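K.L.:
What follows is a single structure, and I will ask about it in a moment.
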Amino acid sequence: MQYVRLGQSGLKVSRLCLGTMNMGSKDWKPWIFDEKESEPIIHHALDNGVNFIDLADFYSIGAGEEVVCNVLNRIGRRDDLVITTKVGYAMSDDINAQGHSRKNIFKAIDASLTRMGMDYVDIYMLHYFDTDTPVEETMGALNDLVLAGKTRYIAVSTMYTWQLAKILQVCDQNGWARPINMQLQLNCAYREEEREMLPFCQDQGIGVSVFSPLARGILTSDLQSTRNKTDFFTAEMYNDEASRNIAHSVAKVADARGCLPAQIAQAWVLNKPEVASMLVGADTTAQFDSALAALEMQLTEEEIYELERHYTPCDLINDYTSGKRTPRFSRPAKAPFA
């Protein structure tokens with residue numbers, strides 16, 4: 001395993017972070033693993049040096065935190081782990097059980113810690129940018145959680161670059177704890193964050209963790225998986241010609257390499273120097289091993305061109321652009337993939 005300092009903090013995390021959206025309760029989604037099914041994957045990740053675990057209260061509406069941490073509390077050492085969870089999406093019909101108000105943040109972290117059976121989280125993350133709550137209220141509440149010892153650090157996820165800039169400005173003006181990590185979507189089929197967010201995070205000393213390196217599964221060339229057939233977001237985000245062409249190119253490079261397409265897609269992400277860590281949402285130990293192998297893989301210029309030649313701009317993927325996808329067209333192939 002490789003380890004990296006997260007942003008300008010002193011916290012060191014594994015470059016592979018165990019994503020856990022697929023762990024919790026099948027009552028939430030048909031492709032979710034229960035505790036018994038999740039344990040071998042968690043165990044395998046820890047055995048291979050993973051210390052970074054990504055959770056969210058929204059995953060299986062709380063059951064995800066409970067399932068994963070039941071396993072971690074049995075087989076792991078809490079002091080050796082870097083555990084993050086998120087807040088923001090609705091947990092009930094209560095109008096205040098969502099968003100980033102002071103009321104919900106304080107209630108949500110206590111509920112998360114109870115489900116997790118832990119006294120603190122290492123990183124508490126905003127799941128998105130809440131436009132209905134003043135930034136000062138949100139960041140003041142998070143700073144109070146740091147001072148109270150309920151979280152060691154704070155982080156953010158999935159927003160416009162100007163929104164992150166606004167957060168940092170408020171933190172700096174008030175002397176509050178700054179986010180140390182930005183979690184964002186990045187893969188061969190979705191690269192919009194390369195334009196502003198990645199360079200801005202580098203400039204501000206914020207670590208970057210990448211989720212969905214396989215574009216919610218389409219880059220594995222397995223379009224018939226349970227998730228790809230039942231997950232609305234896969235069709236919403238990647239149902240265009242360019243995405244399908246990119247998936248085909250990933251498969252071609254993998255065939256030339258003699259490995260699985262997933263490994264090529266993961267290597268493309270891990271080869272980017274701006275990326276501190278990559279989330280791995282494995283359904284099997286073999287899928288985790290693919291990501292482990294991708295850590296050591298260096299792609300050639302010809303392979304990178306083939307993986308990137310279809311890409312053209314599209315709308316950002318966030319809560320404000322749902323249903324707005326720009327049709328995209330590909331560039332011609334070059335040797336050796338022509």
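Residues in the structure tokens are named by chain (A, B, ... in the order shown) and by number from 1 within that chain; ligands are numbered from 1 in the order shown.
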Excluding same-chain residues fewer than 5 positions from range 99-116 of chain A, what lies within 7 Å of it counting only C-alpha atoms, as a list in words?
P.N.:
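Once the nearby chain positions are removed, what remains is Asp57, Glu65, Glu66, Cys69, Val87, Gly88, Tyr89, Asp130, Thr133, Glu137, Thr138 and Ala141 of chain A.
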K.L.:
Export C-alpha atoms of the chosen residues as a PDB file, in the first residue's frame?
P.N.:
```
ATOM      1  CA  ASP A  57     -25.127   8.674   7.227  1.00  0.00           C
ATOM      2  CA  GLU A  65     -22.459   3.155   9.225  1.00  0.00           C
ATOM      3  CA  GLU A  66     -23.746   0.493  11.584  1.00  0.00           C
ATOM      4  CA  CYS A  69     -18.419  -0.211  11.968  1.00  0.00           C
ATOM      5  CA  VAL A  87     -23.882  14.765   6.582  1.00  0.00           C
ATOM      6  CA  GLY A  88     -26.515  16.511   4.507  1.00  0.00           C
ATOM      7  CA  TYR A  89     -28.976  14.294   2.659  1.00  0.00           C
ATOM      8  CA  ASP A 130     -26.265  23.483   1.061  1.00  0.00           C
ATOM      9  CA  THR A 133     -28.036  27.520   4.960  1.00  0.00           C
ATOM     10  CA  GLU A 137     -23.654  28.826  10.232  1.00  0.00           C
ATOM     11  CA  THR A 138     -22.419  25.587   8.681  1.00  0.00           C
ATOM     12  CA  ALA A 141     -20.974  24.409  13.616  1.00  0.00           C
TER      13      ALA A 141
END
```
K.L.:
Under the rule that only C-alpha atoms are counted, which of A:Val50, A:Val135, A:Ile246, A:Ile32 is the nearest residue to Gln2 in chain A?
P.N.:
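So, comparing all the options, the nearest one is A:Val50.
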K.L.:
Hey, can you check how far CA of Leu186 in chain A sits from CA of Asp315 in chain A?
P.N.:
13.3 Å
K.L.:
In Å, how far is it from CA of Thr20 in chain A to CA of Ile95 in chain A?
P.N.:
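Interatomic distance, CA of Thr20 in chain A to CA of Ile95 in chain A: 26.4 Å.
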K.L.:
Report as a Markdown table the residues of range 25-111 of chain A within 9 Å of range 280-289 of chain A, each with its shortest atom pair and distance in Å (one decimal), using only C-alpha atoms, ordered by chain and increasing residue number.
P.N.:
```
| residue | atom | partner | partner_atom | distance |
| --- | --- | --- | --- | --- |
| A:Phe33 | CA | A:Asp283 | CA | 8.1 |
| A:Glu37 | CA | A:Asp283 | CA | 8.9 |
| A:Ser38 | CA | A:Asp283 | CA | 8.3 |
| A:Pro40 | CA | A:Thr285 | CA | 7.4 |
| A:Ile41 | CA | A:Thr285 | CA | 5.6 |
| A:Ile42 | CA | A:Thr285 | CA | 8.9 |
| A:His44 | CA | A:Thr285 | CA | 6.4 |
| A:Ala45 | CA | A:Phe288 | CA | 7.3 |
```
K.L.:
For range 122-124 of chain A, list every protein, DNA or RNA residue within 6 Å, evaluated using only C-alpha atoms, and leave out those in the same chain fewer than 3 positions away; present the list as a list in words.
P.N.:
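Result of the neighbour search: Val82, Ile83, Thr84, Thr85, Lys86, Thr151, Arg152, Tyr153 and Ile154 of chain A.
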K.L.:
Go ahead and write the residues just picked, N, CA and C atoms, as an mmCIF file, in the first residue's frame.
P.N.:
```cif
data_model
loop_
_atom_site.group_PDB
_atom_site.id
_atom_site.type_symbol
_atom_site.label_atom_id
_atom_site.label_comp_id
_atom_site.auth_asym_id
_atom_site.auth_seq_id
_atom_site.Cartn_x
_atom_site.Cartn_y
_atom_site.Cartn_z
ATOM 1 N N VAL A 82 -8.502 5.749 9.766
ATOM 2 C CA VAL A 82 -8.956 7.105 9.460
ATOM 3 C C VAL A 82 -10.367 6.959 8.897
ATOM 4 N N ILE A 83 -11.351 7.306 9.706
ATOM 5 C CA ILE A 83 -12.751 7.072 9.347
ATOM 6 C C ILE A 83 -13.440 8.403 9.082
ATOM 7 N N THR A 84 -14.085 8.468 7.931
ATOM 8 C CA THR A 84 -14.841 9.673 7.576
ATOM 9 C C THR A 84 -16.303 9.314 7.365
ATOM 10 N N THR A 85 -17.185 10.218 7.765
ATOM 11 C CA THR A 85 -18.596 10.071 7.428
ATOM 12 C C THR A 85 -19.130 11.427 7.017
ATOM 13 N N LYS A 86 -20.312 11.433 6.397
ATOM 14 C CA LYS A 86 -20.845 12.642 5.772
ATOM 15 C C LYS A 86 -22.221 12.997 6.337
ATOM 16 N N THR A 151 -14.941 15.365 15.997
ATOM 17 C CA THR A 151 -14.239 15.076 14.750
ATOM 18 C C THR A 151 -12.871 15.724 14.821
ATOM 19 N N ARG A 152 -11.884 15.071 14.202
ATOM 20 C CA ARG A 152 -10.527 15.612 14.207
ATOM 21 C C ARG A 152 -10.328 16.640 13.096
ATOM 22 N N TYR A 153 -10.983 16.399 11.941
ATOM 23 C CA TYR A 153 -10.852 17.271 10.780
ATOM 24 C C TYR A 153 -12.214 17.395 10.115
ATOM 25 N N ILE A 154 -12.320 18.363 9.188
ATOM 26 C CA ILE A 154 -13.532 18.498 8.395
ATOM 27 C C ILE A 154 -13.169 18.432 6.916
#
```
K.L.:
Among range 171-329 of chain A, which residues does DSSP mark as alpha helix (DSSP H) when it is run on the backbone? Keep the chain and numbering as in the structure and answer as a CSV table (one decimal) with N, CA and C atoms, in the first residue's frame.
P.N.:
```
chain,number,residue,atom,x,y,z
A,171,CYS,N,-13.9,30.4,6.7
A,171,CYS,CA,-13.1,29.8,7.7
A,171,CYS,C,-11.9,30.7,8.0
A,172,ASP,N,-11.2,31.2,7.0
A,172,ASP,CA,-10.0,32.1,7.2
A,172,ASP,C,-10.4,33.4,8.0
A,173,GLN,N,-11.5,34.0,7.6
A,173,GLN,CA,-11.9,35.2,8.3
A,173,GLN,C,-12.2,35.0,9.8
A,174,ASN,N,-12.7,33.8,10.1
A,174,ASN,CA,-13.1,33.6,11.5
A,174,ASN,C,-12.1,32.8,12.3
A,197,MET,N,-11.4,22.8,-10.2
A,197,MET,CA,-11.4,22.3,-8.8
A,197,MET,C,-10.1,21.7,-8.4
A,198,LEU,N,-9.5,20.8,-9.3
A,198,LEU,CA,-8.2,20.2,-9.0
A,198,LEU,C,-7.1,21.2,-8.8
A,199,PRO,N,-6.9,22.2,-9.7
A,199,PRO,CA,-5.8,23.2,-9.5
A,199,PRO,C,-6.1,24.1,-8.3
A,200,PHE,N,-7.4,24.4,-8.0
A,200,PHE,CA,-7.7,25.2,-6.9
A,200,PHE,C,-7.4,24.5,-5.6
A,201,CYS,N,-7.7,23.2,-5.5
A,201,CYS,CA,-7.3,22.4,-4.3
A,201,CYS,C,-5.8,22.3,-4.1
A,202,GLN,N,-5.1,22.2,-5.2
A,202,GLN,CA,-3.6,22.2,-5.1
A,202,GLN,C,-3.1,23.5,-4.6
A,203,ASP,N,-3.7,24.6,-5.1
A,203,ASP,CA,-3.2,25.9,-4.7
A,203,ASP,C,-3.5,26.1,-3.2
A,204,GLN,N,-4.7,25.6,-2.7
A,204,GLN,CA,-5.1,25.9,-1.4
A,204,GLN,C,-4.6,24.8,-0.4
A,226,THR,N,-26.2,-5.8,-11.8
A,226,THR,CA,-27.4,-5.4,-11.1
A,226,THR,C,-27.4,-3.9,-10.9
A,227,ARG,N,-26.3,-3.4,-10.5
A,227,ARG,CA,-26.2,-1.9,-10.2
A,227,ARG,C,-26.5,-1.1,-11.5
A,228,ASN,N,-25.8,-1.5,-12.6
A,228,ASN,CA,-26.0,-0.8,-13.8
A,228,ASN,C,-27.4,-0.8,-14.4
A,229,LYS,N,-28.1,-1.9,-14.0
A,229,LYS,CA,-29.5,-2.0,-14.5
A,229,LYS,C,-30.5,-1.4,-13.6
A,230,THR,N,-30.1,-1.1,-12.3
A,230,THR,CA,-31.1,-0.6,-11.4
A,230,THR,C,-30.7,0.8,-10.8
A,232,PHE,N,-30.4,4.5,-11.0
A,232,PHE,CA,-30.9,5.6,-11.8
A,232,PHE,C,-29.7,6.5,-12.2
A,233,PHE,N,-28.8,6.7,-11.3
A,233,PHE,CA,-27.7,7.7,-11.5
A,233,PHE,C,-26.8,7.3,-12.6
A,234,THR,N,-26.6,6.0,-12.8
A,234,THR,CA,-25.7,5.6,-13.8
A,234,THR,C,-26.2,6.1,-15.2
A,235,ALA,N,-27.5,5.9,-15.4
A,235,ALA,CA,-28.1,6.4,-16.7
A,235,ALA,C,-28.1,7.9,-16.7
A,236,GLU,N,-28.4,8.5,-15.6
A,236,GLU,CA,-28.4,10.0,-15.6
A,236,GLU,C,-27.1,10.6,-15.9
A,237,MET,N,-26.0,10.0,-15.5
A,237,MET,CA,-24.7,10.6,-15.6
A,237,MET,C,-23.9,10.2,-16.8
A,238,TYR,N,-24.1,8.9,-17.3
A,238,TYR,CA,-23.2,8.3,-18.3
A,238,TYR,C,-24.0,7.7,-19.5
A,241,GLU,N,-23.2,8.8,-25.9
A,241,GLU,CA,-22.3,8.1,-26.8
A,241,GLU,C,-20.8,8.2,-26.4
A,242,ALA,N,-20.4,9.4,-26.0
A,242,ALA,CA,-19.0,9.6,-25.6
A,242,ALA,C,-18.6,8.7,-24.4
A,243,SER,N,-19.5,8.5,-23.4
A,243,SER,CA,-19.2,7.6,-22.3
A,243,SER,C,-19.1,6.2,-22.8
A,244,ARG,N,-19.9,5.8,-23.7
A,244,ARG,CA,-19.8,4.4,-24.2
A,244,ARG,C,-18.6,4.2,-25.0
A,245,ASN,N,-18.2,5.2,-25.8
A,245,ASN,CA,-16.9,5.1,-26.6
A,245,ASN,C,-15.7,5.1,-25.6
A,246,ILE,N,-15.8,5.8,-24.6
A,246,ILE,CA,-14.7,5.8,-23.6
A,246,ILE,C,-14.6,4.4,-23.0
A,247,ALA,N,-15.7,3.9,-22.6
A,247,ALA,CA,-15.7,2.5,-22.0
A,247,ALA,C,-15.1,1.5,-23.0
A,248,HIS,N,-15.4,1.7,-24.3
A,248,HIS,CA,-14.8,0.8,-25.3
A,248,HIS,C,-13.3,1.0,-25.4
A,249,SER,N,-12.8,2.2,-25.3
A,249,SER,CA,-11.4,2.5,-25.3
A,249,SER,C,-10.7,1.9,-24.1
A,250,VAL,N,-11.3,2.0,-23.0
A,250,VAL,CA,-10.7,1.4,-21.8
A,250,VAL,C,-10.6,-0.1,-22.0
A,251,ALA,N,-11.6,-0.7,-22.6
A,251,ALA,CA,-11.5,-2.2,-22.8
A,251,ALA,C,-10.4,-2.5,-23.8
A,252,LYS,N,-10.2,-1.7,-24.8
A,252,LYS,CA,-9.2,-1.9,-25.8
A,252,LYS,C,-7.8,-1.8,-25.2
A,253,VAL,N,-7.5,-0.8,-24.4
A,253,VAL,CA,-6.3,-0.7,-23.7
A,253,VAL,C,-6.0,-1.9,-22.7
A,254,ALA,N,-7.1,-2.3,-22.0
A,254,ALA,CA,-7.0,-3.4,-21.1
A,254,ALA,C,-6.7,-4.7,-21.9
A,255,ASP,N,-7.3,-4.9,-23.0
A,255,ASP,CA,-7.0,-6.1,-23.9
A,255,ASP,C,-5.6,-6.1,-24.3
A,256,ALA,N,-5.0,-4.9,-24.7
A,256,ALA,CA,-3.6,-4.9,-25.1
A,256,ALA,C,-2.7,-5.2,-24.0
A,257,ARG,N,-3.1,-4.8,-22.8
A,257,ARG,CA,-2.3,-5.0,-21.6
A,257,ARG,C,-2.4,-6.4,-21.0
A,261,PRO,N,-10.5,-4.2,-17.7
A,261,PRO,CA,-10.8,-2.8,-17.9
A,261,PRO,C,-10.8,-2.0,-16.6
A,262,ALA,N,-11.3,-2.5,-15.5
A,262,ALA,CA,-11.4,-1.8,-14.3
A,262,ALA,C,-10.0,-1.3,-13.9
A,263,GLN,N,-9.0,-2.2,-14.0
A,263,GLN,CA,-7.6,-1.8,-13.6
A,263,GLN,C,-7.1,-0.6,-14.4
A,264,ILE,N,-7.4,-0.6,-15.7
A,264,ILE,CA,-7.0,0.5,-16.6
A,264,ILE,C,-7.6,1.8,-16.1
A,265,ALA,N,-9.0,1.8,-15.9
A,265,ALA,CA,-9.7,3.0,-15.5
A,265,ALA,C,-9.2,3.5,-14.1
A,266,GLN,N,-8.9,2.6,-13.2
A,266,GLN,CA,-8.4,3.0,-11.9
A,266,GLN,C,-6.9,3.5,-12.0
A,267,ALA,N,-6.1,2.9,-12.9
A,267,ALA,CA,-4.8,3.4,-13.1
A,267,ALA,C,-4.8,4.8,-13.6
A,268,TRP,N,-5.7,5.1,-14.5
A,268,TRP,CA,-5.8,6.5,-15.1
A,268,TRP,C,-6.0,7.5,-14.0
A,269,VAL,N,-6.9,7.2,-13.0
A,269,VAL,CA,-7.1,8.1,-11.9
A,269,VAL,C,-5.8,8.2,-11.0
A,270,LEU,N,-5.3,7.1,-10.7
A,270,LEU,CA,-4.1,7.0,-9.7
A,270,LEU,C,-2.9,7.6,-10.3
A,285,THR,N,-13.3,-9.5,-3.2
A,285,THR,CA,-11.8,-9.2,-2.9
A,285,THR,C,-11.0,-9.1,-4.2
A,286,ALA,N,-11.4,-9.8,-5.3
A,286,ALA,CA,-10.7,-9.7,-6.5
A,286,ALA,C,-10.9,-8.3,-7.1
A,287,GLN,N,-12.0,-7.7,-7.0
A,287,GLN,CA,-12.2,-6.3,-7.4
A,287,GLN,C,-11.3,-5.4,-6.7
A,288,PHE,N,-11.1,-5.6,-5.4
A,288,PHE,CA,-10.2,-4.8,-4.6
A,288,PHE,C,-8.7,-5.0,-5.1
A,289,ASP,N,-8.4,-6.2,-5.4
A,289,ASP,CA,-7.0,-6.5,-5.9
A,289,ASP,C,-6.8,-5.8,-7.2
A,290,SER,N,-7.8,-5.6,-8.0
A,290,SER,CA,-7.6,-4.8,-9.3
A,290,SER,C,-7.1,-3.4,-9.0
A,291,ALA,N,-7.7,-2.8,-8.0
A,291,ALA,CA,-7.3,-1.4,-7.6
A,291,ALA,C,-5.9,-1.4,-7.0
A,292,LEU,N,-5.6,-2.5,-6.3
A,292,LEU,CA,-4.2,-2.6,-5.7
A,292,LEU,C,-3.2,-2.7,-6.8
A,293,ALA,N,-3.5,-3.5,-7.9
A,293,ALA,CA,-2.6,-3.6,-9.0
A,293,ALA,C,-2.4,-2.3,-9.8
A,294,ALA,N,-3.5,-1.5,-9.8
A,294,ALA,CA,-3.5,-0.3,-10.5
A,294,ALA,C,-2.6,0.7,-9.9
A,301,GLU,N,2.0,7.1,-23.0
A,301,GLU,CA,1.4,8.2,-23.7
A,301,GLU,C,0.3,7.8,-24.7
A,302,GLU,N,0.6,6.7,-25.4
A,302,GLU,CA,-0.4,6.2,-26.4
A,302,GLU,C,-1.6,5.7,-25.7
A,303,GLU,N,-1.4,5.0,-24.6
A,303,GLU,CA,-2.6,4.5,-23.8
A,303,GLU,C,-3.5,5.7,-23.3
A,304,ILE,N,-2.8,6.7,-22.8
A,304,ILE,CA,-3.5,7.8,-22.2
A,304,ILE,C,-4.3,8.5,-23.4
A,305,TYR,N,-3.7,8.7,-24.5
A,305,TYR,CA,-4.4,9.3,-25.7
A,305,TYR,C,-5.7,8.5,-26.0
A,306,GLU,N,-5.5,7.2,-26.1
A,306,GLU,CA,-6.7,6.4,-26.4
A,306,GLU,C,-7.8,6.5,-25.4
A,307,LEU,N,-7.4,6.6,-24.1
A,307,LEU,CA,-8.4,6.7,-23.0
A,307,LEU,C,-9.1,8.1,-23.0
A,308,GLU,N,-8.4,9.1,-23.5
A,308,GLU,CA,-8.9,10.5,-23.4
A,308,GLU,C,-9.4,11.1,-24.7
```
K.L.:
With only C-alpha atoms as the atoms that count, which of A:Gly117, A:His43, A:Asn187, A:Gln98 lies nearest to Asn73 in chain A?
P.N.:
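Answer, going by the shortest atom-to-atom distance: A:Gly117.
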K.L.:
Could you list, with a cut-off of 12 Å and counting only C-alpha atoms, the residues of range 130-247 of chain A near range 10-14 of chain A, each shown with its nearest atom pair and the distance in Å rounded to one decimal, rows sorted by chain and ascending number, as JSON lines?
P.N.:
```
{"residue": "A:Arg152", "atom": "CA", "partner": "A:Leu11", "partner_atom": "CA", "distance": 9.8}
{"residue": "A:Tyr153", "atom": "CA", "partner": "A:Leu11", "partner_atom": "CA", "distance": 9.2}
{"residue": "A:Ile154", "atom": "CA", "partner": "A:Leu11", "partner_atom": "CA", "distance": 11.9}
{"residue": "A:Ile180", "atom": "CA", "partner": "A:Leu11", "partner_atom": "CA", "distance": 9.2}
{"residue": "A:Asn181", "atom": "CA", "partner": "A:Leu11", "partner_atom": "CA", "distance": 10.6}
{"residue": "A:Gly205", "atom": "CA", "partner": "A:Gly10", "partner_atom": "CA", "distance": 11.8}
{"residue": "A:Ile206", "atom": "CA", "partner": "A:Leu11", "partner_atom": "CA", "distance": 11.8}
{"residue": "A:Gly207", "atom": "CA", "partner": "A:Leu11", "partner_atom": "CA", "distance": 10.4}
{"residue": "A:Val208", "atom": "CA", "partner": "A:Val13", "partner_atom": "CA", "distance": 11.5}
{"residue": "A:Ser209", "atom": "CA", "partner": "A:Val13", "partner_atom": "CA", "distance": 10.4}
```
K.L.:
Name all residues at most 9 Å from Tyr59 in chain A (count only C-alpha atoms; drop same-chain ones fewer than 6 positions away) and give them as a PyMOL selection string.
P.N.:
chain A and resi 20-25+28+65
K.L.:
Any chance you could export the current selection's C-alpha atoms as a PDB file, in the first residue's frame?
P.N.:
```pdb
ATOM      1  CA  THR A  20     -18.848   1.653   1.577  1.00  0.00           C
ATOM      2  CA  MET A  21     -21.925   2.832  -0.307  1.00  0.00           C
ATOM      3  CA  ASN A  22     -22.484  -0.820  -1.274  1.00  0.00           C
ATOM      4  CA  MET A  23     -22.646  -1.957   2.371  1.00  0.00           C
ATOM      5  CA  GLY A  24     -25.658  -1.733   4.641  1.00  0.00           C
ATOM      6  CA  SER A  25     -29.219  -2.873   3.931  1.00  0.00           C
ATOM      7  CA  TRP A  28     -32.270   0.611   0.497  1.00  0.00           C
ATOM      8  CA  GLU A  65     -22.459   3.155   9.225  1.00  0.00           C
TER       9      GLU A  65
END
```
K.L.:
Write out as a list in words the residues lying within 7 Å of Leu184 in chain A, counting only C-alpha atoms and excluding same-chain residues fewer than 2 positions away.
P.N.:
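Using only C-alpha atoms, the neighbours found are Ser157, Thr158, Met182, Leu186, Ser209, Val210 and Phe211 of chain A.
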K.L.:
Fewer than 4 positions away in the same chain doesn't count, so skip those; otherwise give me all residues within 10 Å of Gln185 in chain A, counting only C-alpha atoms, as a PyMOL selection string.
P.N.:
chain A and resi 157-158+190-193+209-216+278-279+316-318
K.L.:
What does the file look like for those residues with all heavy atoms, as a short mmCIF file (atom, residue, chain, number, x, y, z; two decimals), in the first residue's frame?
P.N.:
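Done, and the output landed in result-v9.cif:
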```cif
data_model
loop_
_atom_site.label_atom_id
_atom_site.label_comp_id
_atom_site.auth_asym_id
_atom_site.auth_seq_id
_atom_site.Cartn_x
_atom_site.Cartn_y
_atom_site.Cartn_z
N SER A 157 -17.47 17.86 -0.20
CA SER A 157 -17.65 16.98 -1.35
C SER A 157 -18.59 17.63 -2.36
O SER A 157 -19.54 18.33 -1.99
CB SER A 157 -18.22 15.63 -0.89
OG SER A 157 -18.49 14.79 -2.00
N THR A 158 -18.31 17.41 -3.65
CA THR A 158 -19.24 17.65 -4.75
C THR A 158 -19.88 19.04 -4.72
O THR A 158 -21.02 19.19 -4.30
CB THR A 158 -20.34 16.58 -4.76
OG1 THR A 158 -19.76 15.30 -4.57
CG2 THR A 158 -21.08 16.57 -6.09
N TYR A 190 -15.66 11.31 -16.97
CA TYR A 190 -16.08 12.57 -16.34
C TYR A 190 -14.86 13.28 -15.77
O TYR A 190 -14.33 12.89 -14.74
CB TYR A 190 -17.12 12.34 -15.24
CG TYR A 190 -17.55 13.65 -14.62
CD1 TYR A 190 -18.36 14.54 -15.34
CD2 TYR A 190 -17.14 14.01 -13.35
CE1 TYR A 190 -18.73 15.75 -14.79
CE2 TYR A 190 -17.51 15.22 -12.79
CZ TYR A 190 -18.31 16.09 -13.52
OH TYR A 190 -18.69 17.30 -12.99
N ARG A 191 -14.42 14.36 -16.47
CA ARG A 191 -13.17 15.03 -16.13
C ARG A 191 -13.35 16.53 -15.90
O ARG A 191 -12.36 17.27 -15.90
CB ARG A 191 -12.15 14.78 -17.25
CG ARG A 191 -11.79 13.31 -17.45
CD ARG A 191 -10.99 13.10 -18.72
NE ARG A 191 -9.85 14.00 -18.78
CZ ARG A 191 -9.18 14.29 -19.91
NH1 ARG A 191 -9.56 13.74 -21.05
NH2 ARG A 191 -8.16 15.11 -19.88
N GLU A 192 -14.57 16.98 -15.68
CA GLU A 192 -14.80 18.41 -15.56
C GLU A 192 -14.05 19.05 -14.39
O GLU A 192 -13.70 20.23 -14.43
CB GLU A 192 -16.30 18.69 -15.45
CG GLU A 192 -17.09 18.31 -16.68
CD GLU A 192 -16.52 18.94 -17.94
OE1 GLU A 192 -16.44 20.17 -18.02
OE2 GLU A 192 -16.13 18.17 -18.86
N GLU A 193 -13.78 18.27 -13.35
CA GLU A 193 -13.10 18.83 -12.18
C GLU A 193 -11.63 19.18 -12.46
O GLU A 193 -10.99 19.86 -11.66
CB GLU A 193 -13.19 17.86 -10.99
CG GLU A 193 -14.59 17.43 -10.62
CD GLU A 193 -15.43 18.55 -10.02
OE1 GLU A 193 -14.98 19.71 -10.01
OE2 GLU A 193 -16.55 18.26 -9.56
N SER A 209 -9.78 13.39 -2.85
CA SER A 209 -10.15 11.97 -2.89
C SER A 209 -11.17 11.79 -4.01
O SER A 209 -12.12 12.57 -4.12
CB SER A 209 -10.75 11.52 -1.56
OG SER A 209 -9.80 11.60 -0.52
N VAL A 210 -10.98 10.77 -4.81
CA VAL A 210 -11.81 10.55 -5.99
C VAL A 210 -12.77 9.39 -5.77
O VAL A 210 -12.35 8.30 -5.35
CB VAL A 210 -10.92 10.27 -7.22
CG1 VAL A 210 -11.77 9.76 -8.39
CG2 VAL A 210 -10.16 11.52 -7.62
N PHE A 211 -14.05 9.63 -6.04
CA PHE A 211 -15.00 8.52 -6.04
C PHE A 211 -15.48 8.24 -7.45
O PHE A 211 -15.31 9.05 -8.36
CB PHE A 211 -16.17 8.76 -5.08
CG PHE A 211 -17.11 9.88 -5.47
CD1 PHE A 211 -18.20 9.64 -6.29
CD2 PHE A 211 -16.92 11.16 -4.98
CE1 PHE A 211 -19.08 10.65 -6.63
CE2 PHE A 211 -17.79 12.19 -5.31
CZ PHE A 211 -18.88 11.94 -6.14
N SER A 212 -16.06 7.09 -7.64
CA SER A 212 -16.57 6.62 -8.94
C SER A 212 -15.51 6.57 -10.02
O SER A 212 -15.72 7.06 -11.14
CB SER A 212 -17.75 7.50 -9.39
OG SER A 212 -18.56 6.82 -10.32
N PRO A 213 -14.33 5.98 -9.75
CA PRO A 213 -13.30 5.88 -10.79
C PRO A 213 -13.72 5.00 -11.95
O PRO A 213 -13.13 5.09 -13.04
CB PRO A 213 -12.11 5.27 -10.04
CG PRO A 213 -12.72 4.51 -8.90
CD PRO A 213 -13.91 5.35 -8.49
N LEU A 214 -14.75 4.17 -11.75
CA LEU A 214 -15.24 3.30 -12.82
C LEU A 214 -16.51 3.85 -13.46
O LEU A 214 -17.21 3.13 -14.17
CB LEU A 214 -15.51 1.89 -12.27
CG LEU A 214 -14.31 1.22 -11.59
CD1 LEU A 214 -14.70 -0.17 -11.08
CD2 LEU A 214 -13.14 1.12 -12.54
N ALA A 215 -16.80 5.15 -13.20
CA ALA A 215 -18.00 5.78 -13.76
C ALA A 215 -19.25 4.96 -13.42
O ALA A 215 -20.04 4.60 -14.30
CB ALA A 215 -17.87 5.99 -15.27
N ARG A 216 -19.37 4.67 -12.15
CA ARG A 216 -20.51 3.89 -11.62
C ARG A 216 -20.64 2.54 -12.31
O ARG A 216 -21.73 1.98 -12.40
CB ARG A 216 -21.80 4.71 -11.70
CG ARG A 216 -21.71 6.06 -11.01
CD ARG A 216 -23.01 6.79 -10.96
NE ARG A 216 -23.90 6.27 -9.92
CZ ARG A 216 -23.90 6.70 -8.66
NH1 ARG A 216 -23.06 7.64 -8.28
NH2 ARG A 216 -24.73 6.18 -7.78
N MET A 278 -8.08 7.29 -3.83
CA MET A 278 -9.17 6.85 -4.70
C MET A 278 -10.06 5.89 -3.93
O MET A 278 -9.57 4.93 -3.32
CB MET A 278 -8.61 6.15 -5.94
CG MET A 278 -9.67 5.69 -6.94
SD MET A 278 -8.94 4.75 -8.31
CE MET A 278 -8.61 3.16 -7.49
N LEU A 279 -11.36 6.14 -3.95
CA LEU A 279 -12.30 5.25 -3.28
C LEU A 279 -12.49 3.98 -4.10
O LEU A 279 -12.62 4.04 -5.33
CB LEU A 279 -13.65 5.94 -3.08
CG LEU A 279 -13.79 6.80 -1.82
CD1 LEU A 279 -12.91 8.04 -1.90
CD2 LEU A 279 -15.24 7.19 -1.57
N LEU A 316 -21.36 19.94 -15.34
CA LEU A 316 -20.87 19.39 -14.09
C LEU A 316 -21.90 18.43 -13.49
O LEU A 316 -23.10 18.64 -13.64
CB LEU A 316 -20.59 20.51 -13.08
CG LEU A 316 -19.34 21.36 -13.32
CD1 LEU A 316 -19.30 22.51 -12.32
CD2 LEU A 316 -18.09 20.51 -13.19
N ILE A 317 -21.41 17.40 -12.82
CA ILE A 317 -22.31 16.48 -12.12
C ILE A 317 -22.40 16.94 -10.67
O ILE A 317 -21.43 16.85 -9.90
CB ILE A 317 -21.79 15.03 -12.19
CG1 ILE A 317 -21.85 14.52 -13.63
CG2 ILE A 317 -22.62 14.13 -11.28
CD1 ILE A 317 -21.29 13.11 -13.81
N ASN A 318 -23.54 17.49 -10.30
CA ASN A 318 -23.81 17.84 -8.91
C ASN A 318 -25.31 17.93 -8.72
O ASN A 318 -26.08 17.59 -9.62
CB ASN A 318 -23.09 19.15 -8.52
CG ASN A 318 -23.47 20.32 -9.40
OD1 ASN A 318 -24.61 20.42 -9.88
ND2 ASN A 318 -22.52 21.22 -9.64
#
```
